[in-house]
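File shown here: data.cif, holding mmCIF, C-alpha atoms.
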data_my_file
#
loop_
_atom_site.label_atom_id
_atom_site.label_comp_id
_atom_site.auth_asym_id
_atom_site.auth_seq_id
_atom_site.Cartn_x
_atom_site.Cartn_y
_atom_site.Cartn_z
CA MET A 253 -34.22 29.64 -52.37
CA ALA A 254 -33.62 30.51 -48.70
CA LEU A 255 -30.26 31.58 -47.39
CA SER A 256 -29.42 30.48 -43.89
CA ILE A 257 -26.59 32.34 -42.27
CA LYS A 258 -25.35 31.11 -38.92
CA PRO A 259 -25.97 33.43 -36.01
CA GLU A 260 -22.78 34.92 -34.61
CA LEU A 261 -21.86 35.45 -30.97
CA CYS A 262 -21.61 38.84 -29.29
CA GLN A 263 -18.00 39.32 -28.23
CA TYR A 264 -19.02 40.98 -24.96
CA THR A 265 -22.19 39.22 -23.76
CA GLY A 266 -21.95 35.85 -25.49
CA PHE A 267 -25.53 36.11 -26.80
CA LYS A 268 -26.46 34.94 -30.32
CA ILE A 269 -26.73 37.66 -32.96
CA HIS A 270 -29.00 36.75 -35.88
CA PRO A 271 -28.46 38.20 -39.36
CA GLY A 272 -29.55 41.85 -39.65
CA HIS A 273 -28.98 42.58 -35.95
CA GLY A 274 -26.10 43.95 -33.91
CA LYS A 275 -23.17 46.21 -34.74
CA LYS A 276 -19.66 45.54 -35.94
CA TYR A 277 -17.09 47.62 -34.07
CA VAL A 278 -13.68 47.99 -35.74
CA ARG A 279 -10.67 49.38 -33.90
CA VAL A 280 -7.82 51.34 -35.49
CA ASN A 281 -5.61 48.24 -35.38
CA SER A 282 -8.28 46.45 -37.52
CA GLN A 283 -9.64 44.25 -34.70
CA THR A 284 -13.34 43.59 -35.25
CA PHE A 285 -15.92 42.99 -32.53
CA ILE A 286 -19.55 42.09 -33.07
CA LEU A 287 -21.83 43.53 -30.37
CA ILE A 288 -25.52 42.76 -29.91
CA ASN A 289 -26.89 46.13 -28.76
CA LYS A 290 -26.12 49.62 -27.45
CA LYS A 291 -26.00 48.40 -23.85
CA ALA A 292 -23.27 45.86 -24.66
CA GLU A 293 -21.47 48.43 -26.81
CA ARG A 294 -21.32 50.99 -23.97
CA GLN A 295 -20.06 48.41 -21.48
CA PHE A 296 -17.46 47.19 -24.00
CA LYS A 297 -16.20 50.72 -24.75
CA GLU A 298 -15.95 51.48 -21.03
CA LYS A 299 -13.78 48.35 -20.77
CA LYS A 300 -16.01 46.72 -18.14
CA ASN A 301 -15.20 43.11 -17.43
CA PRO A 302 -18.08 40.92 -18.69
CA ARG A 303 -17.24 38.35 -16.00
CA LYS A 304 -18.36 40.89 -13.38
CA ILE A 305 -21.58 42.01 -15.15
CA ALA A 306 -24.43 39.82 -13.89
CA TRP A 307 -26.59 39.77 -17.06
CA THR A 308 -23.90 38.47 -19.46
CA SER A 309 -23.74 34.80 -20.35
CA VAL A 310 -20.03 34.74 -19.40
CA TYR A 311 -20.95 35.75 -15.81
CA ARG A 312 -23.74 33.17 -15.68
CA GLN A 313 -21.42 30.39 -16.84
CA LEU A 314 -18.73 31.45 -14.39
CA HIS A 315 -21.13 31.55 -11.43
CA ARG A 316 -23.05 28.38 -12.47
CA LYS A 317 -26.43 30.03 -12.94
CA GLY A 318 -29.32 28.37 -14.77
CA ILE A 319 -27.82 24.89 -15.14
CA GLN A 320 -29.92 23.16 -12.49
CA GLU A 321 -32.18 21.36 -14.98
CA GLU A 322 -29.28 19.90 -16.94
CA THR A 323 -27.19 18.43 -14.16
CA LYS A 324 -28.50 15.84 -11.77
CA ARG A 325 -26.20 14.15 -9.33
CA ARG A 326 -25.34 10.67 -10.37
CA ARG A 327 -25.03 8.00 -7.76
CA VAL A 328 -21.49 6.86 -7.22
CA ARG A 329 -21.09 3.15 -6.80
CA LYS A 330 -19.02 2.12 -3.84
CA GLN A 331 -16.21 -0.23 -4.69
CA LYS A 332 -16.41 -3.62 -3.09
CA ARG A 333 -13.35 -4.86 -1.26
CA ILE A 334 -11.81 -7.87 -2.89
CA ILE A 335 -9.61 -10.02 -0.72
CA ARG A 336 -6.86 -11.68 -2.69
CA SER A 337 -4.58 -14.41 -1.54
CA VAL A 338 -0.99 -13.58 -0.67
CA VAL A 339 1.98 -15.83 -1.33
CA GLY A 340 1.88 -18.53 1.34
CA ILE A 341 -1.63 -17.66 2.69
CA SER A 342 -4.89 -18.58 0.99
CA VAL A 343 -8.04 -16.45 0.89
CA GLU A 344 -9.82 -18.75 3.36
CA ASP A 345 -7.01 -18.36 5.93
CA ILE A 346 -7.21 -14.57 5.63
CA LYS A 347 -11.00 -14.59 6.07
CA ARG A 348 -10.71 -16.82 9.12
CA LYS A 349 -8.28 -14.40 10.75
CA ARG A 350 -10.52 -11.38 10.03
CA LYS A 351 -13.41 -12.28 12.36
CA PRO A 352 -14.35 -9.16 14.37
CA GLU A 353 -15.11 -11.08 17.60
CA GLN A 354 -11.63 -12.57 17.69
CA HIS A 355 -10.07 -9.22 16.87
CA ALA A 356 -12.02 -7.47 19.64
CA ALA A 357 -11.11 -10.18 22.18
CA LEU A 358 -7.39 -9.95 21.35
CA ARG A 359 -7.55 -6.16 21.58
CA ASP A 360 -9.27 -6.23 24.98
CA ALA A 361 -6.73 -8.75 26.29
CA ALA A 362 -3.84 -6.57 25.13
CA ILE A 363 -5.38 -3.49 26.79
CA ARG A 364 -5.90 -5.36 30.07
CA ALA A 365 -2.30 -6.63 30.04
CA ARG A 366 -1.00 -3.11 29.42
CA LYS A 367 -3.09 -1.64 32.24
CA GLU A 368 -1.87 -4.29 34.68
CA LYS A 369 1.72 -3.61 33.70
CA VAL A 370 1.30 0.14 34.21
CA LYS A 371 -0.44 -0.45 37.57
CA GLY A 372 2.45 -2.68 38.70
CA ASN A 373 5.00 -0.03 37.76
CA LYS A 374 3.13 2.66 39.71
CA ASN A 375 3.06 0.58 42.90
CA LYS A 376 6.78 -0.20 42.67
CA GLY A 377 7.65 3.42 42.01
CA LYS A 378 5.75 4.76 45.04
CA LYS A 379 7.36 2.34 47.50
CA GLY A 380 10.90 2.98 46.27
CA GLY A 381 10.48 6.76 45.97
CA ASN A 382 9.17 7.28 49.52
CA ALA A 383 12.01 5.31 51.10
CA LYS A 384 14.69 7.49 49.47
CA ARG A 385 13.02 10.72 50.55
CA ALA A 386 12.56 9.57 54.14
CA LYS A 387 16.31 8.99 54.60
CA GLN A 388 17.36 12.53 53.65
CA PRO A 389 16.47 15.16 56.29
CA LYS A 390 15.41 18.55 54.95
CA GLN A 391 18.09 21.22 55.15
CA PRO A 392 17.10 24.79 55.95
CA LYS A 393 17.72 27.36 53.22
CA GLN A 394 20.60 29.75 53.83
CA LYS A 395 20.07 33.43 53.23
CA GLY A 396 22.58 35.44 51.24
CA SER A 397 24.47 32.59 49.60
CA SER A 398 24.19 32.87 45.83
CA LYS A 399 26.67 32.34 43.03
#
Represent the structure contained in this file as structure tokens.
Amino acid sequence: MALSIKPELCQYTGFKIHPGHGKKYVRVNSQTFILINKKAERQFKEKKNPRKIAWTSVYRQLHRKGIQEETKRRRVRKQKRIIRSVVGISVEDIKRKRKPEQHAALRDAAIRARKEKVKGNKNKGKKGGNAKRAKQPKQPKQKGSSK
């Protein structure tokens, strides 16, 4: 008849401890810790953080070491756009309005109209601005008059 006792985990390193191995460390306040070897025991007693010790399994989990075989990137499916009809407009009407050639033509026409409008405003502004300046003669600056 064979007894099988589950292996326990080292409280410091996270390694498996099989029956007959390791040490049980008991504090004065009756807290028990199972440690795998002298190396782990020294680190534990010196109160070193196992997350900062590179050979512990806690560090390796935290810094994602040794998990390259397990994880492979899965392809993410792109969602297809579904055009739904809106109240008063059917799907066919929406698709007809969404043609890129028509959209580009409307955009170009709007840009041209805007440029012409801006050009017209510049020409008007220059003619009117020069006439006002020409009427007023420049006055010489007076020295010593300041408020």
- Would you kindly translate the PyMOL selection byres ((chain A and resi 267) around 8) into the concrete residues it picks from this file, as a ChimeraX atom specification? /A:261-262,265-266,268-269,288,308-309
- Task: Mind giving me the straight-line distance from CA of Lys376 in chain A to CA of Arg359 in chain A in Å, one decimal?
- Result: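 Taking CA of Lys376 in chain A as the start and CA of Arg359 in chain A as the end point, the length is 26.2 Å.
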- Pairwise distance for CA of Asn289 in chain A and CA of Gly272 in chain A, rounded to one decimal in Å: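 One can read the CA of Asn289 in chain A to CA of Gly272 in chain A distance as 12.0 Å.
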- Message: Assuming the chain letters and numbering stay as they are in my file, what does the PyMOL selection byres ((chain A and resi 305) around 12) actually select? List them as an MDAnalysis selection string.
- Response: chainID A and resid 264:265 291:292 295:296 299:304 306:315
- Item | One-decimal distance in Å that lies between CA of Ser342 in chain A and CA of Asp360 in chain A |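 Distance reported for this atom pair: 27.3 Å.
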At a cut-off of 10 Å, using only C-alpha atoms, what residues contact range 346-352 of chain A? Leave out same-chain residues fewer than 4 positions from it and give the result as a PDB file with C-alpha atoms, keeping the file's coordinate frame.
ATOM      1  CA  ILE A 335      -9.610 -10.020  -0.720  1.00  0.00           C
ATOM      2  CA  ARG A 336      -6.860 -11.680  -2.690  1.00  0.00           C
ATOM      3  CA  SER A 337      -4.580 -14.410  -1.540  1.00  0.00           C
ATOM      4  CA  VAL A 338      -0.990 -13.580  -0.670  1.00  0.00           C
ATOM      5  CA  ILE A 341      -1.630 -17.660   2.690  1.00  0.00           C
ATOM      6  CA  SER A 342      -4.890 -18.580   0.990  1.00  0.00           C
ATOM      7  CA  ALA A 356     -12.020  -7.470  19.640  1.00  0.00           C
ATOM      8  CA  ALA A 357     -11.110 -10.180  22.180  1.00  0.00           C
ATOM      9  CA  LEU A 358      -7.390  -9.950  21.350  1.00  0.00           C
TER      10      LEU A 358
END
Output as a PDB file, keeping the file's coordinate frame: range 275-286 of chain A, completed with all heavy atoms.
ATOM      1  N   LYS A 275     -24.102  45.272 -34.131  1.00  0.00           N
ATOM      2  CA  LYS A 275     -23.170  46.210 -34.740  1.00  0.00           C
ATOM      3  C   LYS A 275     -21.798  45.582 -34.811  1.00  0.00           C
ATOM      4  O   LYS A 275     -21.424  44.778 -33.957  1.00  0.00           O
ATOM      5  CB  LYS A 275     -23.041  47.471 -33.879  1.00  0.00           C
ATOM      6  CG  LYS A 275     -24.162  48.448 -34.008  1.00  0.00           C
ATOM      7  CD  LYS A 275     -23.810  49.689 -33.220  1.00  0.00           C
ATOM      8  CE  LYS A 275     -24.892  50.735 -33.361  1.00  0.00           C
ATOM      9  NZ  LYS A 275     -24.573  51.922 -32.580  1.00  0.00           N
ATOM     10  N   LYS A 276     -21.050  45.969 -35.817  1.00  0.00           N
ATOM     11  CA  LYS A 276     -19.660  45.540 -35.940  1.00  0.00           C
ATOM     12  C   LYS A 276     -18.790  46.733 -35.578  1.00  0.00           C
ATOM     13  O   LYS A 276     -18.882  47.784 -36.180  1.00  0.00           O
ATOM     14  CB  LYS A 276     -19.376  45.065 -37.359  1.00  0.00           C
ATOM     15  CG  LYS A 276     -18.135  44.218 -37.470  1.00  0.00           C
ATOM     16  CD  LYS A 276     -17.990  43.634 -38.863  1.00  0.00           C
ATOM     17  CE  LYS A 276     -18.232  42.156 -38.807  1.00  0.00           C
ATOM     18  NZ  LYS A 276     -17.926  41.488 -40.067  1.00  0.00           N
ATOM     19  N   TYR A 277     -17.963  46.565 -34.554  1.00  0.00           N
ATOM     20  CA  TYR A 277     -17.090  47.620 -34.070  1.00  0.00           C
ATOM     21  C   TYR A 277     -15.681  47.293 -34.515  1.00  0.00           C
ATOM     22  O   TYR A 277     -15.179  46.210 -34.236  1.00  0.00           O
ATOM     23  CB  TYR A 277     -17.193  47.697 -32.541  1.00  0.00           C
ATOM     24  CG  TYR A 277     -16.293  48.716 -31.894  1.00  0.00           C
ATOM     25  CD1 TYR A 277     -16.587  50.070 -31.945  1.00  0.00           C
ATOM     26  CD2 TYR A 277     -15.149  48.305 -31.210  1.00  0.00           C
ATOM     27  CE1 TYR A 277     -15.765  50.995 -31.333  1.00  0.00           C
ATOM     28  CE2 TYR A 277     -14.324  49.222 -30.602  1.00  0.00           C
ATOM     29  CZ  TYR A 277     -14.634  50.567 -30.666  1.00  0.00           C
ATOM     30  OH  TYR A 277     -13.818  51.488 -30.060  1.00  0.00           O
ATOM     31  N   VAL A 278     -15.026  48.227 -35.226  1.00  0.00           N
ATOM     32  CA  VAL A 278     -13.680  47.990 -35.740  1.00  0.00           C
ATOM     33  C   VAL A 278     -12.736  49.001 -35.114  1.00  0.00           C
ATOM     34  O   VAL A 278     -12.955  50.204 -35.190  1.00  0.00           O
ATOM     35  CB  VAL A 278     -13.631  48.109 -37.286  1.00  0.00           C
ATOM     36  CG1 VAL A 278     -12.238  47.790 -37.810  1.00  0.00           C
ATOM     37  CG2 VAL A 278     -14.652  47.193 -37.921  1.00  0.00           C
ATOM     38  N   ARG A 279     -11.675  48.500 -34.497  1.00  0.00           N
ATOM     39  CA  ARG A 279     -10.670  49.380 -33.900  1.00  0.00           C
ATOM     40  C   ARG A 279      -9.676  49.839 -34.957  1.00  0.00           C
ATOM     41  O   ARG A 279      -9.640  49.314 -36.072  1.00  0.00           O
ATOM     42  CB  ARG A 279      -9.911  48.637 -32.793  1.00  0.00           C
ATOM     43  CG  ARG A 279     -10.701  48.511 -31.517  1.00  0.00           C
ATOM     44  CD  ARG A 279      -9.809  48.019 -30.403  1.00  0.00           C
ATOM     45  NE  ARG A 279     -10.573  47.896 -29.160  1.00  0.00           N
ATOM     46  CZ  ARG A 279     -10.274  47.049 -28.203  1.00  0.00           C
ATOM     47  NH1 ARG A 279      -9.237  46.237 -28.319  1.00  0.00           N
ATOM     48  NH2 ARG A 279     -11.001  47.007 -27.109  1.00  0.00           N
ATOM     49  N   VAL A 280      -8.817  50.785 -34.573  1.00  0.00           N
ATOM     50  CA  VAL A 280      -7.820  51.340 -35.490  1.00  0.00           C
ATOM     51  C   VAL A 280      -6.841  50.257 -35.933  1.00  0.00           C
ATOM     52  O   VAL A 280      -6.395  50.235 -37.080  1.00  0.00           O
ATOM     53  CB  VAL A 280      -7.062  52.512 -34.830  1.00  0.00           C
ATOM     54  CG1 VAL A 280      -6.003  53.066 -35.763  1.00  0.00           C
ATOM     55  CG2 VAL A 280      -8.029  53.599 -34.424  1.00  0.00           C
ATOM     56  N   ASN A 281      -6.556  49.303 -35.033  1.00  0.00           N
ATOM     57  CA  ASN A 281      -5.610  48.240 -35.380  1.00  0.00           C
ATOM     58  C   ASN A 281      -6.302  47.093 -36.133  1.00  0.00           C
ATOM     59  O   ASN A 281      -5.780  45.991 -36.201  1.00  0.00           O
ATOM     60  CB  ASN A 281      -4.900  47.728 -34.135  1.00  0.00           C
ATOM     61  CG  ASN A 281      -5.866  47.151 -33.123  1.00  0.00           C
ATOM     62  OD1 ASN A 281      -7.072  47.113 -33.352  1.00  0.00           O
ATOM     63  ND2 ASN A 281      -5.341  46.712 -31.997  1.00  0.00           N
ATOM     64  N   SER A 282      -7.466  47.351 -36.686  1.00  0.00           N
ATOM     65  CA  SER A 282      -8.280  46.450 -37.520  1.00  0.00           C
ATOM     66  C   SER A 282      -8.779  45.203 -36.769  1.00  0.00           C
ATOM     67  O   SER A 282      -9.024  44.171 -37.386  1.00  0.00           O
ATOM     68  CB  SER A 282      -7.535  46.039 -38.801  1.00  0.00           C
ATOM     69  OG  SER A 282      -6.450  45.181 -38.499  1.00  0.00           O
ATOM     70  N   GLN A 283      -8.974  45.317 -35.454  1.00  0.00           N
ATOM     71  CA  GLN A 283      -9.640  44.250 -34.700  1.00  0.00           C
ATOM     72  C   GLN A 283     -11.139  44.491 -34.812  1.00  0.00           C
ATOM     73  O   GLN A 283     -11.610  45.612 -34.617  1.00  0.00           O
ATOM     74  CB  GLN A 283      -9.253  44.287 -33.222  1.00  0.00           C
ATOM     75  CG  GLN A 283      -7.915  43.664 -32.912  1.00  0.00           C
ATOM     76  CD  GLN A 283      -7.680  43.627 -31.400  1.00  0.00           C
ATOM     77  OE1 GLN A 283      -7.885  44.624 -30.727  1.00  0.00           O
ATOM     78  NE2 GLN A 283      -7.245  42.490 -30.896  1.00  0.00           N
ATOM     79  N   THR A 284     -11.893  43.427 -35.120  1.00  0.00           N
ATOM     80  CA  THR A 284     -13.340  43.590 -35.250  1.00  0.00           C
ATOM     81  C   THR A 284     -14.051  42.883 -34.101  1.00  0.00           C
ATOM     82  O   THR A 284     -13.659  41.778 -33.694  1.00  0.00           O
ATOM     83  CB  THR A 284     -13.852  43.024 -36.583  1.00  0.00           C
ATOM     84  OG1 THR A 284     -13.506  41.653 -36.644  1.00  0.00           O
ATOM     85  CG2 THR A 284     -13.257  43.752 -37.754  1.00  0.00           C
ATOM     86  N   PHE A 285     -15.104  43.527 -33.605  1.00  0.00           N
ATOM     87  CA  PHE A 285     -15.920  42.990 -32.530  1.00  0.00           C
ATOM     88  C   PHE A 285     -17.374  43.110 -32.936  1.00  0.00           C
ATOM     89  O   PHE A 285     -17.805  44.163 -33.409  1.00  0.00           O
ATOM     90  CB  PHE A 285     -15.694  43.756 -31.227  1.00  0.00           C
ATOM     91  CG  PHE A 285     -14.263  43.744 -30.767  1.00  0.00           C
ATOM     92  CD1 PHE A 285     -13.402  44.770 -31.096  1.00  0.00           C
ATOM     93  CD2 PHE A 285     -13.772  42.693 -30.016  1.00  0.00           C
ATOM     94  CE1 PHE A 285     -12.084  44.763 -30.681  1.00  0.00           C
ATOM     95  CE2 PHE A 285     -12.454  42.668 -29.595  1.00  0.00           C
ATOM     96  CZ  PHE A 285     -11.611  43.703 -29.929  1.00  0.00           C
ATOM     97  N   ILE A 286     -18.135  42.052 -32.759  1.00  0.00           N
ATOM     98  CA  ILE A 286     -19.550  42.090 -33.070  1.00  0.00           C
ATOM     99  C   ILE A 286     -20.295  42.205 -31.744  1.00  0.00           C
ATOM    100  O   ILE A 286     -20.135  41.374 -30.855  1.00  0.00           O
ATOM    101  CB  ILE A 286     -19.977  40.823 -33.831  1.00  0.00           C
ATOM    102  CG1 ILE A 286     -19.148  40.715 -35.105  1.00  0.00           C
ATOM    103  CG2 ILE A 286     -21.449  40.848 -34.147  1.00  0.00           C
ATOM    104  CD1 ILE A 286     -19.225  39.372 -35.759  1.00  0.00           C
TER     105      ILE A 286
END
